[in-house]
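Structure file run.txt with compact mmCIF, C-alpha atoms and all ligand atoms:
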```txt
# COMPACT_ATOMS: atom_id res chain seq x y z
CA MET A 147 -25.06 8.26 -21.48
CA ASN A 148 -23.93 8.67 -17.86
CA ILE A 149 -20.18 8.36 -17.43
CA LEU A 150 -18.43 7.87 -14.10
CA ILE A 151 -14.87 9.22 -14.20
CA ILE A 152 -12.90 8.35 -11.07
CA GLY A 153 -9.79 10.55 -10.86
CA ALA A 154 -11.48 13.15 -13.07
CA GLY A 155 -9.32 15.84 -11.48
CA GLY A 156 -6.11 14.36 -12.86
CA PHE A 157 -4.27 14.96 -16.10
CA ILE A 158 -6.18 12.53 -18.34
CA GLY A 159 -9.45 12.92 -16.40
CA SER A 160 -9.50 16.71 -16.73
CA HIS A 161 -8.84 16.65 -20.48
CA LEU A 162 -11.33 13.85 -21.03
CA SER A 163 -14.01 15.69 -19.05
CA GLU A 164 -13.38 18.87 -21.06
CA CYS A 165 -13.67 16.94 -24.33
CA ILE A 166 -16.91 15.20 -23.33
CA LEU A 167 -18.55 18.42 -22.12
CA ARG A 168 -17.58 20.12 -25.40
CA ASN A 169 -18.54 17.35 -27.86
CA HIS A 170 -21.36 15.41 -26.20
CA ARG A 171 -23.98 17.65 -24.67
CA ASN A 172 -26.30 14.66 -24.16
CA TRP A 173 -23.77 12.86 -21.92
CA LYS A 174 -23.49 13.45 -18.19
CA ILE A 175 -20.33 13.03 -16.15
CA PHE A 176 -20.17 11.90 -12.54
CA ALA A 177 -16.70 13.04 -11.57
CA LEU A 178 -14.86 11.87 -8.44
CA ASP A 179 -11.52 13.01 -7.10
CA VAL A 180 -9.81 14.22 -3.97
CA VAL A 181 -8.72 17.45 -5.70
CA ALA A 182 -10.37 19.80 -8.19
CA ASP A 183 -7.77 22.41 -9.17
CA LYS A 184 -7.47 21.08 -12.75
CA ILE A 185 -11.25 20.99 -13.22
CA ASN A 186 -12.34 24.18 -11.48
CA HIS A 187 -13.33 25.63 -14.86
CA LEU A 188 -15.79 22.74 -15.43
CA LEU A 189 -17.59 22.75 -12.08
CA ALA A 190 -20.38 25.12 -13.18
CA ASP A 191 -21.38 22.95 -16.15
CA GLU A 192 -24.78 21.29 -15.53
CA ASN A 193 -23.52 18.07 -17.14
CA PHE A 194 -20.59 17.83 -14.74
CA ASP A 195 -21.46 16.44 -11.32
CA PHE A 196 -18.30 16.56 -9.19
CA SER A 197 -17.93 14.93 -5.77
CA LYS A 198 -14.85 15.31 -3.64
CA VAL A 199 -14.32 11.73 -2.53
CA ASP A 200 -11.38 9.60 -1.46
CA ILE A 201 -12.15 6.23 -3.02
CA LEU A 202 -9.91 4.47 -0.49
CA ALA A 203 -12.26 5.67 2.26
CA SER A 204 -15.61 5.47 0.51
CA MET A 205 -16.14 2.61 -1.90
CA SER A 206 -19.87 2.69 -1.02
CA PHE A 207 -20.11 6.14 -2.62
CA VAL A 208 -18.33 4.82 -5.71
CA GLU A 209 -20.86 1.99 -5.87
CA LYS A 210 -23.79 4.41 -5.62
CA LYS A 211 -22.48 6.51 -8.53
CA LEU A 212 -21.48 3.48 -10.58
CA ALA A 213 -24.99 2.05 -10.25
CA GLN A 214 -26.33 5.28 -11.84
CA SER A 215 -23.81 5.16 -14.72
CA ASP A 216 -23.57 3.35 -18.03
CA VAL A 217 -19.80 3.30 -18.19
CA VAL A 218 -16.99 3.76 -15.66
CA LEU A 219 -13.44 5.00 -16.24
CA PRO A 220 -11.35 4.37 -13.12
CA LEU A 221 -8.44 6.77 -13.67
CA ALA A 222 -7.35 7.21 -10.04
CA ALA A 223 -3.88 5.77 -9.62
CA ILE A 224 -0.36 6.64 -8.62
CA ALA A 225 1.48 6.88 -11.95
CA ASN A 226 4.86 8.21 -10.92
CA PRO A 227 8.08 6.14 -11.02
CA SER A 228 9.60 7.73 -7.93
CA THR A 229 6.62 6.56 -5.85
CA TYR A 230 6.89 3.01 -7.25
CA VAL A 231 10.24 2.68 -5.52
CA GLN A 232 9.62 4.92 -2.49
CA ASN A 233 6.16 3.70 -1.51
CA PRO A 234 5.31 0.55 -3.44
CA LEU A 235 2.57 -0.52 -1.03
CA ALA A 236 0.69 2.75 -1.59
CA VAL A 237 0.85 2.01 -5.32
CA PHE A 238 -0.50 -1.49 -4.70
CA LYS A 239 -3.27 -0.22 -2.42
CA LEU A 240 -4.63 2.36 -4.85
CA ASP A 241 -3.63 1.05 -8.27
CA PHE A 242 -4.47 -2.59 -7.55
CA GLU A 243 -6.71 -3.07 -4.52
CA ALA A 244 -9.00 -0.06 -4.96
CA ASN A 245 -9.25 -0.55 -8.70
CA LEU A 246 -9.94 -4.27 -8.26
CA ALA A 247 -12.90 -3.32 -6.06
CA ILE A 248 -14.17 -1.06 -8.87
CA VAL A 249 -13.77 -3.83 -11.44
CA LYS A 250 -15.83 -6.12 -9.19
CA LEU A 251 -18.53 -3.44 -8.90
CA ALA A 252 -18.65 -3.15 -12.69
CA VAL A 253 -19.16 -6.93 -12.89
CA LYS A 254 -21.80 -6.87 -10.14
CA HIS A 255 -23.80 -4.03 -11.71
CA ARG A 256 -23.16 -5.18 -15.30
CA LYS A 257 -21.62 -1.85 -16.33
CA ARG A 258 -19.13 -1.17 -19.06
CA ILE A 259 -15.58 -0.44 -17.84
CA ILE A 260 -12.90 1.43 -19.77
CA PHE A 261 -9.72 0.79 -17.88
CA PRO A 262 -6.34 2.53 -18.12
CA SER A 263 -3.71 -0.13 -18.42
CA THR A 264 -0.23 1.18 -19.24
CA SER A 265 2.68 0.85 -21.65
CA GLU A 266 4.59 -0.25 -18.52
CA VAL A 267 2.90 -3.67 -18.64
CA TYR A 268 5.24 -4.60 -21.52
CA GLY A 269 8.15 -3.90 -19.19
CA MET A 270 11.49 -4.88 -20.72
CA CYS A 271 9.92 -6.58 -23.71
CA PRO A 272 12.57 -6.68 -26.48
CA ASP A 273 10.08 -6.30 -29.38
CA ASP A 274 10.65 -3.38 -31.77
CA GLU A 275 6.96 -2.51 -31.42
CA PHE A 276 4.76 -3.66 -28.55
CA ASP A 277 1.71 -5.52 -29.80
CA GLU A 278 -1.38 -5.76 -27.59
CA GLU A 279 -1.93 -9.44 -28.27
CA MET A 280 1.48 -10.84 -29.18
CA SER A 281 4.11 -9.08 -27.06
CA ASN A 282 5.35 -10.58 -23.81
CA CYS A 283 5.05 -8.67 -20.55
CA VAL A 284 8.58 -8.80 -19.10
CA THR A 285 9.24 -7.54 -15.59
CA GLY A 286 12.30 -7.80 -13.37
CA PRO A 287 13.07 -9.50 -10.05
CA ILE A 288 10.95 -8.81 -6.96
CA GLN A 289 13.55 -6.61 -5.27
CA LYS A 290 13.28 -4.23 -8.22
CA GLN A 291 10.23 -2.58 -6.70
CA ARG A 292 9.53 -0.29 -9.65
CA TRP A 293 7.68 -3.21 -11.26
CA ILE A 294 4.90 -3.11 -8.67
CA TYR A 295 3.02 -0.60 -10.87
CA SER A 296 3.44 -2.67 -14.02
CA ALA A 297 2.51 -5.89 -12.19
CA SER A 298 -0.55 -4.30 -10.55
CA LYS A 299 -1.84 -3.03 -13.87
CA GLN A 300 -1.04 -6.28 -15.66
CA LEU A 301 -2.90 -8.38 -13.11
CA LEU A 302 -5.92 -6.08 -13.37
CA ASP A 303 -5.80 -6.43 -17.17
CA ARG A 304 -5.89 -10.20 -16.67
CA VAL A 305 -8.74 -10.01 -14.14
CA ILE A 306 -10.80 -7.81 -16.48
CA TYR A 307 -10.08 -10.09 -19.43
CA ALA A 308 -11.12 -13.15 -17.36
CA HIS A 309 -14.38 -11.45 -16.34
CA GLY A 310 -14.95 -10.72 -20.02
CA ILE A 311 -14.77 -14.42 -20.75
CA ARG A 312 -16.61 -15.71 -17.70
CA ASP A 313 -19.21 -12.98 -17.13
CA ASN A 314 -19.28 -11.29 -20.52
CA LEU A 315 -18.05 -8.11 -18.84
CA SER A 316 -18.15 -5.23 -21.32
CA TYR A 317 -14.69 -3.67 -21.25
CA THR A 318 -11.99 -1.79 -23.14
CA LEU A 319 -8.38 -1.62 -21.94
CA PHE A 320 -6.23 1.23 -23.15
CA ARG A 321 -2.46 1.52 -22.74
CA PRO A 322 -1.19 5.11 -22.76
CA PHE A 323 2.39 5.60 -23.96
CA ASN A 324 3.64 8.81 -22.29
CA PHE A 325 0.74 11.22 -22.70
CA ILE A 326 1.96 14.82 -22.51
CA GLY A 327 0.17 18.14 -22.41
CA PRO A 328 -0.89 21.10 -20.31
CA ARG A 329 -1.84 20.27 -16.69
CA LEU A 330 0.42 17.19 -16.64
CA ASP A 331 1.93 18.06 -13.25
CA ASP A 332 2.24 21.01 -10.92
CA ILE A 333 5.48 22.50 -12.18
CA PHE A 334 5.56 25.37 -9.73
CA ASN A 335 5.38 23.21 -6.61
CA ALA A 336 7.03 20.13 -8.03
CA SER A 337 9.60 18.73 -5.68
CA TYR A 338 12.68 17.22 -7.19
CA GLY A 339 12.10 13.88 -8.91
CA SER A 340 8.35 13.91 -8.30
CA SER A 341 7.10 14.86 -11.77
CA ARG A 342 6.91 13.11 -15.08
CA VAL A 343 9.88 13.69 -17.33
CA ILE A 344 8.85 16.75 -19.37
CA THR A 345 7.36 18.61 -16.44
CA GLN A 346 10.39 17.67 -14.35
CA PHE A 347 12.71 19.28 -16.92
CA LEU A 348 10.56 22.41 -17.08
CA SER A 349 10.30 22.56 -13.31
CA ASN A 350 14.09 22.32 -13.04
CA ILE A 351 14.63 25.18 -15.48
CA TYR A 352 11.97 27.29 -13.75
CA HIS A 353 13.48 26.63 -10.29
CA LYS A 354 17.01 27.21 -11.68
CA LYS A 355 18.24 23.68 -11.09
CA ASP A 356 20.40 21.69 -13.48
CA ILE A 357 18.85 18.76 -15.30
CA ASN A 358 19.73 15.19 -14.39
CA LEU A 359 19.44 12.49 -17.03
CA VAL A 360 18.97 9.11 -15.41
CA ASP A 361 21.71 6.81 -16.79
CA GLY A 362 22.55 9.30 -19.54
CA GLY A 363 18.98 9.61 -20.86
CA ASN A 364 19.49 7.04 -23.60
CA GLN A 365 16.07 5.51 -22.97
CA MET A 366 13.78 5.91 -26.01
CA ARG A 367 10.15 6.88 -25.52
CA CYS A 368 7.24 7.79 -27.79
CA PHE A 369 5.41 10.89 -26.60
CA ILE A 370 1.81 11.48 -27.53
CA ASP A 371 -0.09 14.73 -27.26
CA ILE A 372 -2.97 14.58 -24.78
CA ALA A 373 -5.40 15.76 -27.50
CA ASP A 374 -4.54 12.71 -29.63
CA GLY A 375 -4.82 10.43 -26.60
CA ILE A 376 -8.22 11.84 -25.63
CA ASP A 377 -9.41 11.45 -29.23
CA ALA A 378 -8.71 7.70 -28.94
CA ILE A 379 -10.45 7.38 -25.55
CA GLU A 380 -13.47 9.33 -26.83
CA ARG A 381 -13.80 6.81 -29.67
CA MET A 382 -13.63 3.96 -27.15
CA ILE A 383 -16.46 5.51 -25.12
CA GLU A 384 -18.52 6.06 -28.28
CA ASN A 385 -17.88 2.41 -29.17
CA ARG A 386 -19.50 2.70 -32.62
CA ASP A 387 -20.76 -0.70 -33.80
CA GLY A 388 -19.03 -2.22 -30.77
CA CYS A 389 -15.60 -1.41 -32.25
CA ALA A 390 -13.96 -1.18 -28.80
CA GLU A 391 -15.84 -4.05 -27.18
CA GLN A 392 -13.57 -6.43 -25.21
CA ARG A 393 -10.48 -4.97 -26.86
CA ILE A 394 -7.06 -3.80 -25.74
CA PHE A 395 -5.59 -0.74 -27.47
CA ASN A 396 -2.16 0.83 -27.34
CA VAL A 397 -2.55 4.61 -27.40
CA GLY A 398 0.76 6.11 -28.44
CA ASN A 399 2.49 7.94 -31.25
CA PRO A 400 5.31 5.89 -32.86
CA SER A 401 6.33 8.92 -34.96
CA ASN A 402 7.32 10.82 -31.81
CA LEU A 403 10.16 8.49 -30.77
CA PHE A 404 12.94 10.37 -28.96
CA SER A 405 15.58 9.61 -26.36
CA ILE A 406 15.16 11.34 -23.01
CA LYS A 407 18.45 13.10 -23.75
CA GLU A 408 17.10 14.47 -27.06
CA LEU A 409 13.97 15.54 -25.22
CA ALA A 410 16.01 17.41 -22.60
CA HIS A 411 17.92 19.32 -25.29
CA LYS A 412 14.72 20.14 -27.16
CA VAL A 413 13.04 21.41 -23.98
CA VAL A 414 16.06 23.54 -23.08
CA ASP A 415 16.30 25.02 -26.60
CA MET A 416 12.62 25.86 -26.73
CA ALA A 417 12.65 27.26 -23.18
CA LYS A 418 15.01 30.01 -24.38
CA ALA A 419 12.03 31.63 -26.13
CA TYR A 420 10.07 32.02 -22.87
CA LYS A 421 10.76 35.05 -20.71
CA LYS A 422 10.29 33.17 -17.41
CA LEU A 423 12.76 30.46 -18.47
CA ALA A 424 15.19 32.10 -20.89
CA ASP A 425 17.83 33.27 -18.44
CA PHE A 426 18.46 29.88 -16.80
CA ALA A 427 17.79 27.90 -20.03
CA ALA A 428 20.85 29.62 -21.49
CA ARG A 429 23.10 28.26 -18.73
CA VAL A 430 21.43 25.09 -17.44
CA VAL A 431 23.78 22.10 -17.31
CA ILE A 432 22.55 18.68 -18.36
CA HIS A 433 24.24 15.98 -16.24
CA SER A 434 24.03 12.22 -16.28
CA VAL A 435 23.13 10.60 -12.99
CA ASP A 436 23.22 6.95 -12.04
CA SER A 437 19.70 5.51 -11.65
CA ARG A 438 20.68 3.96 -8.27
CA GLU A 439 21.56 7.40 -7.02
CA TYR A 440 18.41 9.00 -8.46
CA TYR A 441 15.75 6.39 -7.71
CA GLY A 442 17.56 3.91 -5.39
CA SER A 443 18.66 0.33 -6.00
CA SER A 444 15.13 -1.01 -6.55
CA TYR A 445 14.83 0.81 -9.86
CA GLN A 446 15.19 -0.81 -13.25
CA ASP A 447 14.52 0.82 -16.60
CA ILE A 448 13.05 0.09 -19.98
CA SER A 449 15.39 1.02 -22.80
CA ARG A 450 12.91 1.50 -25.65
CA ARG A 451 9.14 1.65 -25.81
CA VAL A 452 7.26 1.88 -29.11
CA PRO A 453 3.56 1.03 -29.55
CA ALA A 454 2.01 -0.89 -32.41
CA ILE A 455 -1.11 1.14 -33.17
CA GLN A 456 -2.52 -0.66 -36.20
CA LYS A 457 -5.37 -2.07 -34.12
CA ALA A 458 -6.49 1.35 -32.89
CA GLN A 459 -6.12 2.74 -36.41
CA LYS A 460 -8.21 0.00 -37.97
CA LEU A 461 -10.92 -0.48 -35.34
CA LEU A 462 -11.26 3.03 -33.92
CA GLY A 463 -10.45 4.88 -37.16
CA TRP A 464 -7.94 6.84 -35.07
CA THR A 465 -4.47 8.06 -35.81
CA PRO A 466 -2.28 10.41 -33.76
CA LYS A 467 -1.42 13.64 -35.56
CA ILE A 468 0.51 15.98 -33.30
CA GLY A 469 4.31 16.19 -33.40
CA LEU A 470 6.52 16.62 -30.35
CA GLU A 471 7.43 20.25 -30.99
CA GLU A 472 3.82 21.29 -31.31
CA SER A 473 3.04 19.52 -28.03
CA LEU A 474 5.98 21.12 -26.26
CA THR A 475 4.87 24.53 -27.50
CA LYS A 476 1.37 23.94 -26.12
CA ILE A 477 2.80 22.84 -22.77
CA MET A 478 5.21 25.76 -22.46
CA ASP A 479 2.58 28.28 -23.56
CA PHE A 480 0.25 26.87 -20.91
CA TYR A 481 2.74 27.11 -18.04
CA PHE A 482 4.85 30.08 -19.11
CA GLY A 483 3.04 31.92 -21.92
N1 LIG B 501 -0.40 9.95 -18.10
C1 LIG B 501 0.12 8.90 -18.73
O1 LIG B 501 0.92 9.02 -19.66
C2 LIG B 501 -0.30 7.51 -18.33
C3 LIG B 501 0.44 6.43 -18.84
C4 LIG B 501 0.05 5.15 -18.54
C5 LIG B 501 -1.05 4.92 -17.72
N2 LIG B 501 -1.74 5.98 -17.21
C6 LIG B 501 -2.88 5.67 -16.34
O2 LIG B 501 -3.97 6.53 -16.62
C7 LIG B 501 -4.66 6.86 -15.40
C8 LIG B 501 -4.74 8.37 -15.26
O3 LIG B 501 -3.42 8.92 -15.31
P1 LIG B 501 -3.13 10.47 -15.10
O4 LIG B 501 -1.88 10.77 -15.84
O5 LIG B 501 -4.35 11.25 -15.36
O6 LIG B 501 -2.81 10.48 -13.52
P2 LIG B 501 -2.98 11.71 -12.51
O7 LIG B 501 -2.10 11.40 -11.35
O8 LIG B 501 -2.80 13.00 -13.20
O9 LIG B 501 -4.51 11.60 -12.07
C9 LIG B 501 -4.97 10.67 -11.13
C10 LIG B 501 -6.06 11.35 -10.32
O10 LIG B 501 -6.53 10.40 -9.34
C11 LIG B 501 -6.81 11.11 -8.16
N3 LIG B 501 -6.77 10.23 -7.00
C12 LIG B 501 -5.67 9.68 -6.44
N4 LIG B 501 -6.02 8.99 -5.36
C13 LIG B 501 -7.36 9.11 -5.22
C14 LIG B 501 -8.28 8.63 -4.27
N5 LIG B 501 -7.89 7.88 -3.22
N6 LIG B 501 -9.60 8.95 -4.42
C15 LIG B 501 -10.00 9.72 -5.46
N7 LIG B 501 -9.15 10.21 -6.40
C16 LIG B 501 -7.84 9.90 -6.27
C17 LIG B 501 -5.70 12.15 -8.08
O11 LIG B 501 -6.06 13.22 -7.21
C18 LIG B 501 -5.55 12.57 -9.53
O12 LIG B 501 -6.32 13.71 -9.80
C19 LIG B 501 -3.89 6.16 -14.29
O13 LIG B 501 -4.50 4.93 -14.03
C20 LIG B 501 -2.53 5.93 -14.88
O14 LIG B 501 -1.91 4.80 -14.29
C21 LIG B 501 -1.37 7.26 -17.49
```

Here is the file; what I need is its structure written in the form of structure tokens.
Ligand SMILES: NC(=O)c1ccc[n+]([C@@H]2O[C@H](COP(=O)([O-])OP(=O)(O)OC[C@H]3O[C@@H](n4cnc5c(N)ncnc54)[C@H](O)[C@@H]3O)[C@@H](O)[C@H]2O)c1
Amino acid sequence: MNILIIGAGGFIGSHLSECILRNHRNWKIFALDVVADKINHLLADENFDFSKVDILASMSFVEKKLAQSDVVLPLAAIANPSTYVQNPLAVFKLDFEANLAIVKLAVKHRKRIIFPSTSEVYGMCPDDEFDEEMSNCVTGPIQKQRWIYSASKQLLDRVIYAHGIRDNLSYTLFRPFNFIGPRLDDIFNASYGSSRVITQFLSNIYHKKDINLVDGGNQMRCFIDIADGIDAIERMIENRDGCAEQRIFNVGNPSNLFSIKELAHKVVDMAKAYKKLADFAARVVIHSVDSREYYGSSYQDISRRVPAIQKAQKLLGWTPKIGLEESLTKIMDFYFG
């Protein structure tokens, strides 16, 4: 099988590429990205064909590679809440427009597409667990610009679904719920507010800055270890007996439900065991900051986000196994061990 991974140099792309090269020596990866620092260690592998390409500038190159592939995973996107509010049109351009072009190419060339939707599509859905087929997708008013990411992904989900019905497009949509792991973000160069939550906390401790909890950090999130997440995506690519065909799967770990405040305290406690962090971890102050001050007035938050995963368990034979502490240990060992 030839697999085109667009955004292969990112967090999910780098772990997925590693997994495929380890477990499937008869698969070949065409990898595209604008950066390669997270995949430098894979470049020498004969089954890994990397091209440094900006997909916004060269959709014809994407088409050439897609035509040579059996399946495409378009993972290039801006997936960072601070950018949703600071530069919503950049989010729309990459996450929606560029990815729509790729979806159309998959339809044109009759290729299978495995598309990263997001837990954000459920927005402020009040359900205890978000169900792929039953839960409503609830976003806020237009001036709350943070929803441009959720809305872009949701509309692409709908476009892909419609092509499935009209053109029999072969697809799988997966919805990651806060994947965490080594290589998530660049902690050492991270500027304030630019990382995802765990790496932001670690970056703060490393750079000797106090931690800010947006609106007190009462938001509840389920964190899933990247290894568990990749296990699910690998099963979708394998697609045994068509188990992932024209399906939508939540990929999250409901057992790892914590508030952001609990997470901050856990990260600080564990950081005390790492030489490079211990000194400041012992005196870091955890403040609460108003979301309008932190992200601006166009932000709006989701108070609780828990995935229903019965469908992935039943159809993919998958279940997440790794607890939060084990994941945090892996992350801290990677950056500071
Ligand atoms: N990580 C999560 O928990 C999570 C949650 C929900 C959804 N997702 C979705 O999964 C996908 C992958 O997420 P990730 O965490 O790996 O993101 P990431 O930011 O780590 O990786 C994205 C990659 O795309 C590349 N890219 C950006 N613009 C590009 C361009 N113009 N041309 C070529 N490459 C470009 C980046 O360089 C980066 O390496 C995204 O679609 C994201 O929305 C991720």

Correct to one decimal, the distance atom CA of A:Glu243-atom CA of A:Met147 is 27.4 Å

Between chain A and ligand LIG 501 (chain B), at 8 Å or less, what are the per-residue closest atom pairs and their distances in Å? Count only C-alpha atoms and all ligand atoms, order by chain and rising residue number, and return it as JSON lines.
```
{"residue": "A:Ile152", "atom": "CA", "partner": "B:LIG501", "partner_atom": "N7", "distance": 6.3}
{"residue": "A:Gly153", "atom": "CA", "partner": "B:LIG501", "partner_atom": "O10", "distance": 3.6}
{"residue": "A:Ala154", "atom": "CA", "partner": "B:LIG501", "partner_atom": "O12", "distance": 6.1}
{"residue": "A:Gly155", "atom": "CA", "partner": "B:LIG501", "partner_atom": "O12", "distance": 4.0}
{"residue": "A:Gly156", "atom": "CA", "partner": "B:LIG501", "partner_atom": "O12", "distance": 3.1}
{"residue": "A:Phe157", "atom": "CA", "partner": "B:LIG501", "partner_atom": "O5", "distance": 3.8}
{"residue": "A:Ile158", "atom": "CA", "partner": "B:LIG501", "partner_atom": "O5", "distance": 3.7}
{"residue": "A:Gly159", "atom": "CA", "partner": "B:LIG501", "partner_atom": "O5", "distance": 5.5}
{"residue": "A:Ser160", "atom": "CA", "partner": "B:LIG501", "partner_atom": "O5", "distance": 7.6}
{"residue": "A:Leu178", "atom": "CA", "partner": "B:LIG501", "partner_atom": "C15", "distance": 6.1}
{"residue": "A:Asp179", "atom": "CA", "partner": "B:LIG501", "partner_atom": "N7", "distance": 3.7}
{"residue": "A:Val180", "atom": "CA", "partner": "B:LIG501", "partner_atom": "N7", "distance": 4.7}
{"residue": "A:Val181", "atom": "CA", "partner": "B:LIG501", "partner_atom": "O11", "distance": 5.2}
{"residue": "A:Ala182", "atom": "CA", "partner": "B:LIG501", "partner_atom": "O12", "distance": 7.5}
{"residue": "A:Lys198", "atom": "CA", "partner": "B:LIG501", "partner_atom": "C15", "distance": 7.6}
{"residue": "A:Val199", "atom": "CA", "partner": "B:LIG501", "partner_atom": "C15", "distance": 5.6}
{"residue": "A:Asp200", "atom": "CA", "partner": "B:LIG501", "partner_atom": "N6", "distance": 3.5}
{"residue": "A:Ile201", "atom": "CA", "partner": "B:LIG501", "partner_atom": "N6", "distance": 4.0}
{"residue": "A:Leu202", "atom": "CA", "partner": "B:LIG501", "partner_atom": "N5", "distance": 4.8}
{"residue": "A:Ala203", "atom": "CA", "partner": "B:LIG501", "partner_atom": "N5", "distance": 7.3}
{"residue": "A:Pro220", "atom": "CA", "partner": "B:LIG501", "partner_atom": "O13", "distance": 6.9}
{"residue": "A:Leu221", "atom": "CA", "partner": "B:LIG501", "partner_atom": "C7", "distance": 4.2}
{"residue": "A:Ala222", "atom": "CA", "partner": "B:LIG501", "partner_atom": "O10", "distance": 3.4}
{"residue": "A:Ala223", "atom": "CA", "partner": "B:LIG501", "partner_atom": "O13", "distance": 4.5}
{"residue": "A:Ile224", "atom": "CA", "partner": "B:LIG501", "partner_atom": "O7", "distance": 5.8}
{"residue": "A:Ala225", "atom": "CA", "partner": "B:LIG501", "partner_atom": "O14", "distance": 4.6}
{"residue": "A:Asn226", "atom": "CA", "partner": "B:LIG501", "partner_atom": "O7", "distance": 7.7}
{"residue": "A:Leu240", "atom": "CA", "partner": "B:LIG501", "partner_atom": "N5", "distance": 6.6}
{"residue": "A:Asp241", "atom": "CA", "partner": "B:LIG501", "partner_atom": "O13", "distance": 7.0}
{"residue": "A:Phe261", "atom": "CA", "partner": "B:LIG501", "partner_atom": "O13", "distance": 7.7}
{"residue": "A:Pro262", "atom": "CA", "partner": "B:LIG501", "partner_atom": "O2", "distance": 4.9}
{"residue": "A:Ser263", "atom": "CA", "partner": "B:LIG501", "partner_atom": "C5", "distance": 5.8}
{"residue": "A:Thr264", "atom": "CA", "partner": "B:LIG501", "partner_atom": "C4", "distance": 4.0}
{"residue": "A:Ser265", "atom": "CA", "partner": "B:LIG501", "partner_atom": "C4", "distance": 5.9}
{"residue": "A:Glu266", "atom": "CA", "partner": "B:LIG501", "partner_atom": "C4", "distance": 7.1}
{"residue": "A:Lys299", "atom": "CA", "partner": "B:LIG501", "partner_atom": "O14", "distance": 7.8}
{"residue": "A:Arg321", "atom": "CA", "partner": "B:LIG501", "partner_atom": "C4", "distance": 6.1}
{"residue": "A:Pro322", "atom": "CA", "partner": "B:LIG501", "partner_atom": "C4", "distance": 4.4}
{"residue": "A:Phe323", "atom": "CA", "partner": "B:LIG501", "partner_atom": "C3", "distance": 5.5}
{"residue": "A:Asn324", "atom": "CA", "partner": "B:LIG501", "partner_atom": "O1", "distance": 3.8}
{"residue": "A:Phe325", "atom": "CA", "partner": "B:LIG501", "partner_atom": "O1", "distance": 3.8}
{"residue": "A:Ile326", "atom": "CA", "partner": "B:LIG501", "partner_atom": "O1", "distance": 6.5}
{"residue": "A:Leu330", "atom": "CA", "partner": "B:LIG501", "partner_atom": "O8", "distance": 6.3}
{"residue": "A:Asp331", "atom": "CA", "partner": "B:LIG501", "partner_atom": "O8", "distance": 6.9}
```

With C-alpha atoms kept, could you save the residues just selected as a compact mmCIF listing (two decimals), keeping the file's coordinate frame?
```txt
# COMPACT_ATOMS: atom_id res chain seq x y z
CA ILE A 152 -12.90 8.35 -11.07
CA GLY A 153 -9.79 10.55 -10.86
CA ALA A 154 -11.48 13.15 -13.07
CA GLY A 155 -9.32 15.84 -11.48
CA GLY A 156 -6.11 14.36 -12.86
CA PHE A 157 -4.27 14.96 -16.10
CA ILE A 158 -6.18 12.53 -18.34
CA GLY A 159 -9.45 12.92 -16.40
CA SER A 160 -9.50 16.71 -16.73
CA LEU A 178 -14.86 11.87 -8.44
CA ASP A 179 -11.52 13.01 -7.10
CA VAL A 180 -9.81 14.22 -3.97
CA VAL A 181 -8.72 17.45 -5.70
CA ALA A 182 -10.37 19.80 -8.19
CA LYS A 198 -14.85 15.31 -3.64
CA VAL A 199 -14.32 11.73 -2.53
CA ASP A 200 -11.38 9.60 -1.46
CA ILE A 201 -12.15 6.23 -3.02
CA LEU A 202 -9.91 4.47 -0.49
CA ALA A 203 -12.26 5.67 2.26
CA PRO A 220 -11.35 4.37 -13.12
CA LEU A 221 -8.44 6.77 -13.67
CA ALA A 222 -7.35 7.21 -10.04
CA ALA A 223 -3.88 5.77 -9.62
CA ILE A 224 -0.36 6.64 -8.62
CA ALA A 225 1.48 6.88 -11.95
CA ASN A 226 4.86 8.21 -10.92
CA LEU A 240 -4.63 2.36 -4.85
CA ASP A 241 -3.63 1.05 -8.27
CA PHE A 261 -9.72 0.79 -17.88
CA PRO A 262 -6.34 2.53 -18.12
CA SER A 263 -3.71 -0.13 -18.42
CA THR A 264 -0.23 1.18 -19.24
CA SER A 265 2.68 0.85 -21.65
CA GLU A 266 4.59 -0.25 -18.52
CA LYS A 299 -1.84 -3.03 -13.87
CA ARG A 321 -2.46 1.52 -22.74
CA PRO A 322 -1.19 5.11 -22.76
CA PHE A 323 2.39 5.60 -23.96
CA ASN A 324 3.64 8.81 -22.29
CA PHE A 325 0.74 11.22 -22.70
CA ILE A 326 1.96 14.82 -22.51
CA LEU A 330 0.42 17.19 -16.64
CA ASP A 331 1.93 18.06 -13.25
```

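Nearest residue to A:Ala213 among A:Leu150, A:Leu189, A:Leu319, A:Val435 is A:Leu150, counting all atoms listed in the file.
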
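Using only C-alpha atoms, the smallest distance between any of A:Asn358, A:Thr465, A:Ser443, A:Ser401 and A:Val431 comes from A:Asn358.
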
Box along x, y and z, 3 Å on every side, all listed atoms of stretch 242-245 of chain A inside: centre and edge lengths in Å to one decimal, as AutoDock Vina command-line options.
```
--center_x -6.9 --center_y -1.6 --center_z -6.6 --size_x 10.8 --size_y 9.0 --size_z 10.2
```
